[in-house]
There are 2 protein chains.
Amino acid sequence: MDRKTDTPVTVIGLGLMGRALAGAFLKAGHPTTVWNRTASKADQLVAEGARLAPTVGDALAAGSLTIICVTDYRAVHELFDASDVELGGTTLVNLTSGDSTQARKAARWAEQRGARYLDGAVMAVPPAIGTAEAVILHSGPQSDFEAHKSTLDALGTVTYLGADHGLASLYDVAGLAMMWSVLNAWLQGTALLGTAGVGAATYAPFAQRIAAGVATWLPGYAEQIDSGSFPAEVSALETDARAMAHLIEESEAVGVNAELPKLIKAMADRAIAAGHGGEQYPVLIEEFGKPRDD
Amino acid sequence: MDRKTDTPVTVIGLGLMGRALAGAFLKAGHPTTVWNRTASKADQLVAEGARLAPTVGDALAAGSLTIICVTDYRAVHELFDASDVELGGTTLVNLTSGDSTQARKAARWAEQRGARYLDGAVMAVPPAIGTAEAVILHSGPQSDFEAHKSTLDALGTVTYLGADHGLASLYDVAGLAMMWSVLNAWLQGTALLGTAGVGAATYAPFAQRIAAGVATWLPGYAEQIDSGSFPAEVSALETDARAMAHLIEESEAVGVNAELPKLIKAMADRAIAAGHGGEQYPVLIEEFGKPRDD
């Protein structure tokens, strides 16, 4: 396991995120080699001490750890297929955005060419890179992660999820779904309260307390899902559905968008139609777990 | 302001919630009068010391504060219109579920009959009543709330929202929208991760951290809404939209429900089509604030 900050590292792809990643390695003291299709994107990093490699092959040869952060997985494949690069012995950490299928396919492709491969996802905006606030997810062989963890630590809060290369992408989109959902529910409430003249800043702390409070229920609810048993000790789904009707009626009555309330109720109604009205809310996992055929 | 626990209180409507409310008053030492259309629902409370009133009029006359918790607002009106009750000087706290329009209408109706009126909403399940965990929202004249706050305190965490009688209902459904949204986003993520063999209990703490973390952004984002300015300092809506496409693709690829992901993207796409792609997420308030014409 490397623990020294003089471990060389390569960053391929110098968009906003790639430049932030390379900058964080430089700041942590790592000899940093960079490559980008448009070389001028490296100017600032070179001024800060990075070395601009003339080719992808040269960039890869600069050390044993290469971070890839390009537009999409097609760009990843083009990058390496188009060049006479040698991947044997290299560890690739691919932080390019994509889905779990692409990640698993890229892993097989890299491993067939003799590389070690970790897939990753960056849950942060570029300015947060290098701070604890930046959460960076990794999946793939644990030994490959452990071998480079202390170097990757320069990027933020580095997390290992498991051996399945698809996990980083899955956790990433799942986490984003939570982010957008909290924001959308807050916007729905802000719009509702706005019709009564309540400012967004007045409503926000209330929404914040509800979101944080409900979040604490999740581990307990998870046990229901893992055991496949949803006893309605204190509140049944059919009670929720009646309150959902109020949410829709209220949204329509005051003239705000009712699409989110309607989707919420539609999911619950289908679970109730399937006979789960007397069970507790997490029984909805059965609806979320299958595609809607329509 | 009453501060003594010997202040008499009346509870009308003895469903699960009404019984919990009356039980909390009894436990706090208040002489408690109850009434219910089906008198037998009062048996347990009477055994605990409640007095069962023979008529609604008698129940109201037992004290200056009456809590109403019946099926719906129609039941509230039927209750008082059908009887020769005297509302003059009484303070009604109506915790019946309904919408803001019904609350404002009930307030006018009660005030015309000489009653003081507060509308309320219970954000709790019956077993939580009487504990700090039970949040009970009130709206209406502040002086009426203050006059009875120490009695109402027996029910849980009692909150005053403002003079507009519709506020309790609006905050209630807004808070519920947040609750269901956090749960649904968590279920979406649990379903996604489940396809890779990750258990709900493994994923839950991750979802909990994201929800609680995003909740802390709301007060800052609220300032953007109140100022009507959404500068994209670090992340623009169009970047979110690209990641939303990944969420949809991933959900469809692994065979889980994609309705929530599609709604998330549809709202963002409309804001982008309206020219807001370069602004920050809270600009979506413009979409949430208007009904969809289709």
# chains A, B, ... in the order shown; residues from 1 in each chain; ligands from 1

call {"tool": "interface_residues", "arguments": {"of": "chain B", "to": "chain A", "cutoff": "6 Å", "atoms": "only C-alpha atoms", "output": "PyMOL selection string"}}
result
chain B and resi 99+173-174+177-178+181+185+187-189+191+200-201+204+208+212+215+218-219+222+226+247+250+255-257+285+288-292

call {"tool": "write_last_selection", "arguments": {"atoms": "C-alpha atoms", "output": "mmCIF file, in the first residue's frame"}}
result
data_model
loop_
_atom_site.group_PDB
_atom_site.id
_atom_site.type_symbol
_atom_site.label_atom_id
_atom_site.label_comp_id
_atom_site.auth_asym_id
_atom_site.auth_seq_id
_atom_site.Cartn_x
_atom_site.Cartn_y
_atom_site.Cartn_z
ATOM 1 C CA ASP B 99 -57.273 21.241 2.897
ATOM 2 C CA VAL B 173 -49.266 18.232 3.017
ATOM 3 C CA ALA B 174 -45.941 19.881 2.158
ATOM 4 C CA ALA B 177 -44.794 15.319 0.267
ATOM 5 C CA MET B 178 -41.258 15.457 1.650
ATOM 6 C CA SER B 181 -40.449 11.673 -1.595
ATOM 7 C CA ALA B 185 -36.246 7.953 -3.621
ATOM 8 C CA LEU B 187 -37.111 2.725 -2.560
ATOM 9 C CA GLN B 188 -35.901 3.626 -6.075
ATOM 10 C CA GLY B 189 -32.296 3.309 -4.903
ATOM 11 C CA ALA B 191 -34.577 -1.397 -6.072
ATOM 12 C CA ALA B 200 -31.744 -2.758 1.720
ATOM 13 C CA ALA B 201 -29.946 -2.522 5.066
ATOM 14 C CA ALA B 204 -30.026 2.568 3.767
ATOM 15 C CA GLN B 208 -29.842 8.499 4.895
ATOM 16 C CA ALA B 212 -29.818 14.595 5.514
ATOM 17 C CA ALA B 215 -31.660 18.893 3.498
ATOM 18 C CA LEU B 218 -32.484 24.082 1.572
ATOM 19 C CA PRO B 219 -32.136 27.317 3.575
ATOM 20 C CA ALA B 222 -34.426 29.268 -0.417
ATOM 21 C CA ASP B 226 -36.894 34.526 -2.479
ATOM 22 C CA LEU B 247 -30.755 7.451 -13.863
ATOM 23 C CA GLU B 250 -29.876 2.614 -15.499
ATOM 24 C CA GLY B 255 -35.492 -3.589 -15.038
ATOM 25 C CA VAL B 256 -36.777 -1.435 -12.181
ATOM 26 C CA ASN B 257 -39.552 1.173 -12.294
ATOM 27 C CA ILE B 285 -39.663 26.490 -8.650
ATOM 28 C CA PHE B 288 -43.522 23.513 -9.574
ATOM 29 C CA GLY B 289 -45.406 26.765 -9.114
ATOM 30 C CA LYS B 290 -47.724 26.307 -12.061
ATOM 31 C CA PRO B 291 -50.181 23.617 -13.100
ATOM 32 C CA ARG B 292 -49.306 21.497 -16.111
#

call {"tool": "closest_residue", "arguments": {"among": "B:Met123, B:Ala106, B:Leu237, B:Ala24", "to": "Leu92 of chain B", "atoms": "only C-alpha atoms"}}
result
B:Ala106

call {"tool": "select_by_dssp", "arguments": {"residues": "segment 70-133 of chain B", "states": "helix (DSSP H, G or I)", "output": "ChimeraX atom specification"}}
result
/B:73-81,100-112,126-128

call {"tool": "atom_distance", "arguments": {"atom1": "atom CA of Gly140 of chain A", "atom2": "atom CA of Gly156 of chain A"}}
result
18.7 Å

call {"tool": "atom_distance", "arguments": {"atom1": "atom CA of Gly277 of chain B", "atom2": "atom CA of Gly15 of chain A"}}
result
18.9 Å

call {"tool": "select_by_dssp", "arguments": {"residues": "segment 45-232 of chain B", "states": "strand (DSSP E)", "output": "short mmCIF file (atom, residue, chain, number, x, y, z; two decimals) with N, CA, C and O atoms, in the first residue's frame"}}
result
data_model
loop_
_atom_site.label_atom_id
_atom_site.label_comp_id
_atom_site.auth_asym_id
_atom_site.auth_seq_id
_atom_site.Cartn_x
_atom_site.Cartn_y
_atom_site.Cartn_z
N ARG B 51 -64.98 12.06 31.15
CA ARG B 51 -66.42 12.15 31.31
C ARG B 51 -67.05 12.10 29.92
O ARG B 51 -66.66 12.84 29.03
N LEU B 52 -67.97 11.20 29.72
CA LEU B 52 -68.66 11.10 28.43
C LEU B 52 -69.86 12.04 28.45
O LEU B 52 -70.77 11.88 29.28
N LEU B 65 -62.21 25.11 25.87
CA LEU B 65 -61.35 24.60 24.78
C LEU B 65 -61.86 23.25 24.29
O LEU B 65 -61.99 22.31 25.08
N THR B 66 -62.16 23.17 23.00
CA THR B 66 -62.65 21.92 22.42
C THR B 66 -61.80 21.52 21.23
O THR B 66 -61.61 22.31 20.30
N ILE B 67 -61.29 20.30 21.27
CA ILE B 67 -60.53 19.74 20.16
C ILE B 67 -61.49 18.92 19.31
O ILE B 67 -62.24 18.10 19.84
N ILE B 68 -61.45 19.14 18.01
CA ILE B 68 -62.30 18.38 17.11
C ILE B 68 -61.41 17.50 16.23
O ILE B 68 -60.45 17.98 15.63
N THR B 91 -63.38 28.15 22.29
CA THR B 91 -62.28 28.06 21.33
C THR B 91 -62.27 26.65 20.75
O THR B 91 -62.15 25.67 21.50
N LEU B 92 -62.43 26.57 19.44
CA LEU B 92 -62.38 25.28 18.75
C LEU B 92 -60.98 25.11 18.15
O LEU B 92 -60.46 26.02 17.50
N VAL B 93 -60.37 23.95 18.37
CA VAL B 93 -59.11 23.60 17.70
C VAL B 93 -59.44 22.41 16.83
O VAL B 93 -59.65 21.30 17.32
N ASN B 94 -59.51 22.64 15.54
CA ASN B 94 -59.97 21.60 14.61
C ASN B 94 -58.78 20.85 14.01
O ASN B 94 -58.07 21.37 13.15
N ARG B 116 -64.07 31.19 18.81
CA ARG B 116 -62.68 31.39 18.38
C ARG B 116 -62.27 30.10 17.69
O ARG B 116 -62.74 29.03 18.08
N TYR B 117 -61.42 30.20 16.69
CA TYR B 117 -61.13 29.00 15.88
C TYR B 117 -59.66 28.93 15.50
O TYR B 117 -59.09 29.88 14.95
N LEU B 118 -59.07 27.79 15.78
CA LEU B 118 -57.72 27.47 15.29
C LEU B 118 -57.82 26.22 14.45
O LEU B 118 -58.52 25.27 14.81
N ASP B 119 -57.14 26.23 13.31
CA ASP B 119 -57.08 25.00 12.53
C ASP B 119 -55.75 24.32 12.83
O ASP B 119 -54.76 24.98 13.15
N GLY B 120 -55.75 23.02 12.74
CA GLY B 120 -54.52 22.31 13.08
C GLY B 120 -54.34 21.07 12.24
O GLY B 120 -55.23 20.64 11.51
N ALA B 121 -53.15 20.51 12.33
CA ALA B 121 -52.84 19.25 11.64
C ALA B 121 -51.88 18.46 12.51
O ALA B 121 -50.94 19.02 13.08
N VAL B 122 -52.14 17.18 12.60
CA VAL B 122 -51.33 16.29 13.42
C VAL B 122 -50.33 15.57 12.54
O VAL B 122 -50.72 14.79 11.67
N MET B 123 -49.03 15.85 12.73
CA MET B 123 -48.01 15.14 11.96
C MET B 123 -47.43 14.02 12.83
O MET B 123 -46.28 14.09 13.28
N VAL B 135 -45.61 16.14 16.23
CA VAL B 135 -45.63 17.56 15.87
C VAL B 135 -47.07 17.93 15.52
O VAL B 135 -47.70 17.28 14.69
N ILE B 136 -47.57 18.95 16.18
CA ILE B 136 -48.96 19.38 15.94
C ILE B 136 -48.93 20.84 15.51
O ILE B 136 -48.43 21.71 16.23
N LEU B 137 -49.40 21.06 14.29
CA LEU B 137 -49.34 22.38 13.67
C LEU B 137 -50.62 23.14 13.93
O LEU B 137 -51.71 22.55 13.88
N HIS B 138 -50.51 24.44 14.19
CA HIS B 138 -51.69 25.27 14.41
C HIS B 138 -51.60 26.55 13.60
O HIS B 138 -50.52 27.13 13.47
N SER B 139 -52.75 26.99 13.09
CA SER B 139 -52.80 28.31 12.44
C SER B 139 -54.12 28.98 12.77
O SER B 139 -55.14 28.31 13.00
N THR B 157 -45.26 18.25 20.41
CA THR B 157 -44.53 19.47 20.06
C THR B 157 -45.50 20.36 19.29
O THR B 157 -45.81 20.11 18.12
N VAL B 158 -45.99 21.37 19.98
CA VAL B 158 -47.07 22.21 19.46
C VAL B 158 -46.45 23.42 18.77
O VAL B 158 -45.63 24.12 19.35
N THR B 159 -46.82 23.64 17.52
CA THR B 159 -46.18 24.66 16.70
C THR B 159 -47.22 25.63 16.16
O THR B 159 -48.28 25.22 15.71
N TYR B 160 -46.89 26.91 16.20
CA TYR B 160 -47.77 27.93 15.64
C TYR B 160 -47.18 28.45 14.33
O TYR B 160 -46.00 28.79 14.25
N LEU B 161 -48.00 28.51 13.28
CA LEU B 161 -47.49 28.82 11.94
C LEU B 161 -47.86 30.21 11.44
O LEU B 161 -47.16 30.76 10.59
N GLY B 162 -48.97 30.77 11.91
CA GLY B 162 -49.38 32.08 11.42
C GLY B 162 -50.88 32.26 11.47
O GLY B 162 -51.63 31.34 11.79
#

call {"tool": "residues_around", "arguments": {"residues": "Gln280 of chain B", "least_positions_apart": "4", "cutoff": "6 Å", "atoms": "only C-alpha atoms", "output": "PyMOL selection string"}}
result
chain B and resi 230-232+236-237

call {"tool": "write_last_selection", "arguments": {"atoms": "all heavy atoms", "output": "mmCIF file, in the first residue's frame"}}
result
data_model
loop_
_atom_site.group_PDB
_atom_site.id
_atom_site.type_symbol
_atom_site.label_atom_id
_atom_site.label_comp_id
_atom_site.auth_asym_id
_atom_site.auth_seq_id
_atom_site.Cartn_x
_atom_site.Cartn_y
_atom_site.Cartn_z
ATOM 1 N N PHE B 230 -30.954 32.750 -9.715
ATOM 2 C CA PHE B 230 -30.466 31.385 -9.582
ATOM 3 C C PHE B 230 -29.097 31.204 -10.241
ATOM 4 O O PHE B 230 -28.948 30.423 -11.179
ATOM 5 C CB PHE B 230 -31.480 30.414 -10.198
ATOM 6 C CG PHE B 230 -32.878 30.619 -9.679
ATOM 7 C CD1 PHE B 230 -33.757 31.480 -10.338
ATOM 8 C CD2 PHE B 230 -33.296 29.991 -8.515
ATOM 9 C CE1 PHE B 230 -35.044 31.674 -9.850
ATOM 10 C CE2 PHE B 230 -34.585 30.193 -8.021
ATOM 11 C CZ PHE B 230 -35.460 31.037 -8.679
ATOM 12 N N PRO B 231 -28.097 31.938 -9.782
ATOM 13 C CA PRO B 231 -26.782 31.854 -10.429
ATOM 14 C C PRO B 231 -26.166 30.462 -10.272
ATOM 15 O O PRO B 231 -26.123 29.918 -9.177
ATOM 16 C CB PRO B 231 -25.961 32.909 -9.692
ATOM 17 C CG PRO B 231 -26.614 33.036 -8.358
ATOM 18 C CD PRO B 231 -28.072 32.812 -8.597
ATOM 19 N N ALA B 232 -25.717 29.890 -11.388
ATOM 20 C CA ALA B 232 -25.108 28.561 -11.348
ATOM 21 C C ALA B 232 -23.626 28.715 -11.066
ATOM 22 O O ALA B 232 -22.810 28.698 -11.979
ATOM 23 C CB ALA B 232 -25.353 27.833 -12.654
ATOM 24 N N ALA B 236 -24.938 23.637 -13.027
ATOM 25 C CA ALA B 236 -26.105 24.148 -13.741
ATOM 26 C C ALA B 236 -27.102 23.023 -13.979
ATOM 27 O O ALA B 236 -26.750 21.845 -14.033
ATOM 28 C CB ALA B 236 -25.673 24.759 -15.065
ATOM 29 N N LEU B 237 -28.351 23.409 -14.159
ATOM 30 C CA LEU B 237 -29.437 22.459 -14.360
ATOM 31 C C LEU B 237 -29.165 21.504 -15.522
ATOM 32 O O LEU B 237 -29.503 20.317 -15.460
ATOM 33 C CB LEU B 237 -30.727 23.249 -14.610
ATOM 34 C CG LEU B 237 -32.025 22.468 -14.676
ATOM 35 C CD1 LEU B 237 -32.248 21.642 -13.432
ATOM 36 C CD2 LEU B 237 -33.189 23.434 -14.903
#

call {"tool": "residues_around", "arguments": {"residues": "Phe25 of chain A", "least_positions_apart": "5", "cutoff": "8 Å", "atoms": "only C-alpha atoms", "output": "PDB file with N, CA, C and O atoms, in the first residue's frame"}}
result
ATOM      1  N   VAL A   9       1.005   9.877 -10.345  1.00  0.00           N
ATOM      2  CA  VAL A   9      -0.359   9.588 -10.765  1.00  0.00           C
ATOM      3  C   VAL A   9      -0.621  10.286 -12.096  1.00  0.00           C
ATOM      4  O   VAL A   9      -0.036  11.336 -12.391  1.00  0.00           O
ATOM      5  N   HIS A  30       1.645  14.951  -5.255  1.00  0.00           N
ATOM      6  CA  HIS A  30       1.907  13.844  -6.172  1.00  0.00           C
ATOM      7  C   HIS A  30       2.468  14.348  -7.503  1.00  0.00           C
ATOM      8  O   HIS A  30       1.892  15.271  -8.093  1.00  0.00           O
ATOM      9  N   PRO A  31       3.557  13.740  -7.983  1.00  0.00           N
ATOM     10  CA  PRO A  31       3.993  14.021  -9.361  1.00  0.00           C
ATOM     11  C   PRO A  31       2.830  13.634 -10.281  1.00  0.00           C
ATOM     12  O   PRO A  31       2.394  12.484 -10.273  1.00  0.00           O
ATOM     13  N   THR A  32       2.333  14.600 -11.026  1.00  0.00           N
ATOM     14  CA  THR A  32       1.098  14.385 -11.764  1.00  0.00           C
ATOM     15  C   THR A  32       1.294  14.584 -13.251  1.00  0.00           C
ATOM     16  O   THR A  32       1.738  15.644 -13.692  1.00  0.00           O
ATOM     17  N   ALA A 154      -6.383  11.905  -1.757  1.00  0.00           N
ATOM     18  CA  ALA A 154      -6.155  13.317  -2.081  1.00  0.00           C
ATOM     19  C   ALA A 154      -7.391  13.950  -2.715  1.00  0.00           C
ATOM     20  O   ALA A 154      -7.535  15.177  -2.722  1.00  0.00           O
ATOM     21  N   LEU A 155      -8.306  13.111  -3.238  1.00  0.00           N
ATOM     22  CA  LEU A 155      -9.450  13.641  -3.995  1.00  0.00           C
ATOM     23  C   LEU A 155     -10.650  14.002  -3.115  1.00  0.00           C
ATOM     24  O   LEU A 155     -11.504  14.795  -3.524  1.00  0.00           O
TER      25      LEU A 155
END

call {"tool": "residues_around", "arguments": {"residues": "Val34 of chain B", "least_positions_apart": "5", "cutoff": "10 Å", "atoms": "only C-alpha atoms", "output": "MDAnalysis selection string"}}
result
chainID B and resid 9:14 18:19 22 39 41:42 45:46 50:56 58:60 62 66:67

call {"tool": "decode", "arguments": {"residues": "segment 43-54 of chain B", "atoms": "all heavy atoms", "output": "PDB file, in the first residue's frame"}}
result
ATOM      1  N   ASP B  43     -65.455   4.108  25.956  1.00  0.00           N
ATOM      2  CA  ASP B  43     -65.405   3.232  27.137  1.00  0.00           C
ATOM      3  C   ASP B  43     -64.047   3.237  27.850  1.00  0.00           C
ATOM      4  O   ASP B  43     -63.957   3.427  29.055  1.00  0.00           O
ATOM      5  CB  ASP B  43     -65.767   1.790  26.739  1.00  0.00           C
ATOM      6  CG  ASP B  43     -67.247   1.656  26.375  1.00  0.00           C
ATOM      7  OD1 ASP B  43     -68.004   2.633  26.602  1.00  0.00           O
ATOM      8  OD2 ASP B  43     -67.631   0.586  25.862  1.00  0.00           O
ATOM      9  N   GLN B  44     -62.986   3.013  27.065  1.00  0.00           N
ATOM     10  CA  GLN B  44     -61.657   2.934  27.673  1.00  0.00           C
ATOM     11  C   GLN B  44     -61.267   4.266  28.312  1.00  0.00           C
ATOM     12  O   GLN B  44     -60.711   4.315  29.416  1.00  0.00           O
ATOM     13  CB  GLN B  44     -60.631   2.511  26.610  1.00  0.00           C
ATOM     14  CG  GLN B  44     -59.192   2.408  27.100  1.00  0.00           C
ATOM     15  CD  GLN B  44     -59.043   1.358  28.188  1.00  0.00           C
ATOM     16  OE1 GLN B  44     -59.743   0.342  28.202  1.00  0.00           O
ATOM     17  NE2 GLN B  44     -58.140   1.619  29.141  1.00  0.00           N
ATOM     18  N   LEU B  45     -61.593   5.378  27.620  1.00  0.00           N
ATOM     19  CA  LEU B  45     -61.262   6.702  28.152  1.00  0.00           C
ATOM     20  C   LEU B  45     -62.038   6.985  29.437  1.00  0.00           C
ATOM     21  O   LEU B  45     -61.496   7.558  30.381  1.00  0.00           O
ATOM     22  CB  LEU B  45     -61.569   7.785  27.097  1.00  0.00           C
ATOM     23  CG  LEU B  45     -60.646   7.768  25.867  1.00  0.00           C
ATOM     24  CD1 LEU B  45     -61.259   8.578  24.725  1.00  0.00           C
ATOM     25  CD2 LEU B  45     -59.257   8.305  26.228  1.00  0.00           C
ATOM     26  N   VAL B  46     -63.297   6.578  29.460  1.00  0.00           N
ATOM     27  CA  VAL B  46     -64.105   6.770  30.669  1.00  0.00           C
ATOM     28  C   VAL B  46     -63.485   5.975  31.824  1.00  0.00           C
ATOM     29  O   VAL B  46     -63.372   6.467  32.955  1.00  0.00           O
ATOM     30  CB  VAL B  46     -65.579   6.353  30.419  1.00  0.00           C
ATOM     31  CG1 VAL B  46     -66.359   6.278  31.728  1.00  0.00           C
ATOM     32  CG2 VAL B  46     -66.246   7.345  29.464  1.00  0.00           C
ATOM     33  N   ALA B  47     -63.012   4.776  31.512  1.00  0.00           N
ATOM     34  CA  ALA B  47     -62.352   3.957  32.543  1.00  0.00           C
ATOM     35  C   ALA B  47     -61.093   4.655  33.062  1.00  0.00           C
ATOM     36  O   ALA B  47     -60.692   4.483  34.216  1.00  0.00           O
ATOM     37  CB  ALA B  47     -61.998   2.583  31.984  1.00  0.00           C
ATOM     38  N   GLU B  48     -60.489   5.466  32.197  1.00  0.00           N
ATOM     39  CA  GLU B  48     -59.267   6.197  32.592  1.00  0.00           C
ATOM     40  C   GLU B  48     -59.601   7.539  33.242  1.00  0.00           C
ATOM     41  O   GLU B  48     -58.692   8.298  33.582  1.00  0.00           O
ATOM     42  CB  GLU B  48     -58.374   6.407  31.371  1.00  0.00           C
ATOM     43  CG  GLU B  48     -57.763   5.109  30.850  1.00  0.00           C
ATOM     44  CD  GLU B  48     -57.113   5.271  29.460  1.00  0.00           C
ATOM     45  OE1 GLU B  48     -56.935   6.429  29.027  1.00  0.00           O
ATOM     46  OE2 GLU B  48     -56.800   4.245  28.834  1.00  0.00           O
ATOM     47  N   GLY B  49     -60.891   7.869  33.349  1.00  0.00           N
ATOM     48  CA  GLY B  49     -61.252   9.100  34.054  1.00  0.00           C
ATOM     49  C   GLY B  49     -61.946  10.165  33.227  1.00  0.00           C
ATOM     50  O   GLY B  49     -62.290  11.232  33.743  1.00  0.00           O
ATOM     51  N   ALA B  50     -62.159   9.914  31.932  1.00  0.00           N
ATOM     52  CA  ALA B  50     -62.842  10.912  31.099  1.00  0.00           C
ATOM     53  C   ALA B  50     -64.334  10.921  31.421  1.00  0.00           C
ATOM     54  O   ALA B  50     -64.886   9.924  31.904  1.00  0.00           O
ATOM     55  CB  ALA B  50     -62.634  10.591  29.629  1.00  0.00           C
ATOM     56  N   ARG B  51     -64.979  12.062  31.146  1.00  0.00           N
ATOM     57  CA  ARG B  51     -66.418  12.148  31.311  1.00  0.00           C
ATOM     58  C   ARG B  51     -67.049  12.100  29.924  1.00  0.00           C
ATOM     59  O   ARG B  51     -66.655  12.844  29.029  1.00  0.00           O
ATOM     60  CB  ARG B  51     -66.789  13.462  31.984  1.00  0.00           C
ATOM     61  CG  ARG B  51     -68.301  13.584  32.268  1.00  0.00           C
ATOM     62  CD  ARG B  51     -68.616  14.891  32.989  1.00  0.00           C
ATOM     63  NE  ARG B  51     -68.653  16.015  32.066  1.00  0.00           N
ATOM     64  CZ  ARG B  51     -69.725  16.404  31.367  1.00  0.00           C
ATOM     65  NH1 ARG B  51     -70.860  15.731  31.473  1.00  0.00           N
ATOM     66  NH2 ARG B  51     -69.667  17.450  30.560  1.00  0.00           N
ATOM     67  N   LEU B  52     -67.970  11.197  29.718  1.00  0.00           N
ATOM     68  CA  LEU B  52     -68.659  11.100  28.428  1.00  0.00           C
ATOM     69  C   LEU B  52     -69.856  12.038  28.448  1.00  0.00           C
ATOM     70  O   LEU B  52     -70.766  11.877  29.276  1.00  0.00           O
ATOM     71  CB  LEU B  52     -69.110   9.651  28.184  1.00  0.00           C
ATOM     72  CG  LEU B  52     -69.974   9.424  26.926  1.00  0.00           C
ATOM     73  CD1 LEU B  52     -69.179   9.712  25.655  1.00  0.00           C
ATOM     74  CD2 LEU B  52     -70.492   7.983  26.898  1.00  0.00           C
ATOM     75  N   ALA B  53     -69.832  13.029  27.551  1.00  0.00           N
ATOM     76  CA  ALA B  53     -70.951  13.980  27.488  1.00  0.00           C
ATOM     77  C   ALA B  53     -72.102  13.340  26.734  1.00  0.00           C
ATOM     78  O   ALA B  53     -71.882  12.605  25.768  1.00  0.00           O
ATOM     79  CB  ALA B  53     -70.504  15.257  26.797  1.00  0.00           C
ATOM     80  N   PRO B  54     -73.358  13.610  27.156  1.00  0.00           N
ATOM     81  CA  PRO B  54     -74.514  13.006  26.480  1.00  0.00           C
ATOM     82  C   PRO B  54     -74.791  13.659  25.123  1.00  0.00           C
ATOM     83  O   PRO B  54     -75.352  13.011  24.245  1.00  0.00           O
ATOM     84  CB  PRO B  54     -75.660  13.240  27.454  1.00  0.00           C
ATOM     85  CG  PRO B  54     -75.233  14.416  28.287  1.00  0.00           C
ATOM     86  CD  PRO B  54     -73.750  14.380  28.357  1.00  0.00           C
TER      87      PRO B  54
END
